[in-house]
Amino acid sequence: MDKTDILVAQLKDKDVNAFEQLHHMYAVNILGAINIIIQDEAIAKEICQDVFVKVWEKAYLYDTKKGRFFTWLLNMARNAAIDYTRSKAFITQKKNHSLDFFVHIYENRNSTETSDQDYSDLKRMLKRLKKKCVELIEMIYFKNYTQVAAAERLSIPLGTVKSRNRNCLKELREYLKDEL
Amino acid sequence: MNSKELIASGELELYIAGLLPEERNAELAQLISENDELKREVKMIEQVVMQLAKKSTTSDQHDFNYVLKKIITKRITTSTEKIKYSKQKDKKVRPLWHRSFIGWAAAAVFLTFFLYQYQQTTEIKTILSSNMAQKERLEQQIETQIKNASLKEDLLKTVASINTRKIDLAGQPIAPQSKVSVFWNIEKNKIIVDASQLPEPPEDMVYQIWSLKLDPLTPTSLGLLDNYNSKNNLFSFKNTNNSEAFGITLEPSGGSASPTLEQLYVLGSTTS
């Protein structure tokens, strides 16, 4: 049992301190994951808070035997964000919403456009990759695509999804070696 | 497949994404938990994804207090509804034959409800003890909630007791939709009245509950359902009578010495 497992067990027992620590450990990542879909920091923040409210309420549903806690959180965040994109409020104001956040950042990787300045770290990170990696990673981790759907959208064989995804992440691992 | 092959397969990356079929997911979870090399690998992959996510926002997330505030506000605003809902649910299906069995089932439902309520109270207390900016303002709101909860806790303890019988009072012609459940603890000579499904009484009128002997018809007043409203509809009364039925009538404010039978809202026999 590592630290996260212990905290999660405490969370299930409604331990607020454990909840706070888990929030501290994951909130910023969950916020980012939501922002990838919503592309509006203020709304993403609201949704992120709501996700953690759900975490508190539904912690009993999480089962270690079914996957990582982060995966559970990420899944909840994606669903909440995607639900929001279907709301009226979102549909009416999404004019500036580019379909794919990573791809958009990636395509502007060499520009110094002010609007993207804030994501300079991400830009530096994505720069390392080929476009096909950027697309795939965004779909697989942040957009609720199944393997089949990703293969279809990218017009690649199903088996390629798994291997390409691994290779793409490997490159990022290399890059992040010093940070991790 | 050994762990090296598994790592090379790219399946662990999909595991972190949550994209594997449930069965395979469970298999991998098991394998990973037993193998340090796999565990390390999975953590590394997770870290990469977490880094990507982290860099996709410009803000620091230091709003744990907002999360707490939302949890509490939600609790306060929904708990009344939940209470009503759980009571209604309990009442929906109630075939008249098997009354006693259903009675016990209902008592079990109420016990669950009591535990839920108790847990909710504890939960709110726990949250309060953590350091929050909004603490004082929220505390006042919660005070009311907790008071409510402990009253119900006491009432429901009685309901759950093994010496308690449940008597259903059915709606009468004047209000056929009405339903009331009376929980009669014979040992403690106490009844609890769940009157959530009565219409709101008009101003200056009050519901009065009666214990009835049937032959000859002898009503004894047990008391008034004072301040009845949608949030205040559980009442407790002493009942030392050997009641054969219970009824509730609508009476002028202050109650009456004998029941106004034209205003009989619900009635139920204890002997079925």
# chains A, B, ... in the order shown; residues from 1 in each chain; ligands from 1
call {"tool": "interface_residues", "arguments": {"of": "chain B", "to": "chain A", "cutoff": "9 Å", "atoms": "only C-alpha atoms", "output": "PyMOL selection string"}}
result
chain B and resi 8-20+22-23+25-30+33+44-64+66-68+70-71+123+126-127+130
call {"tool": "residues_around", "arguments": {"residues": "B:Pro252", "least_positions_apart": "2", "cutoff": "10 Å", "atoms": "only C-alpha atoms", "output": "ChimeraX atom specification"}}
result
/B:202-208,249-250,254-256,260
call {"tool": "atom_distance", "arguments": {"atom1": "atom CA of B:Val266", "atom2": "atom CA of B:Ala108"}}
result
23.8 Å
call {"tool": "residues_around", "arguments": {"residues": "B:Leu169", "least_positions_apart": "2", "cutoff": "12 Å", "atoms": "only C-alpha atoms", "output": "NGL selection string"}}
result
:B and (91 or 94 or 96 or 99 or 166-167 or 171-172 or 175-183 or 193-195 or 197-198 or 209-211 or 245-249 or 264-270 or 272)
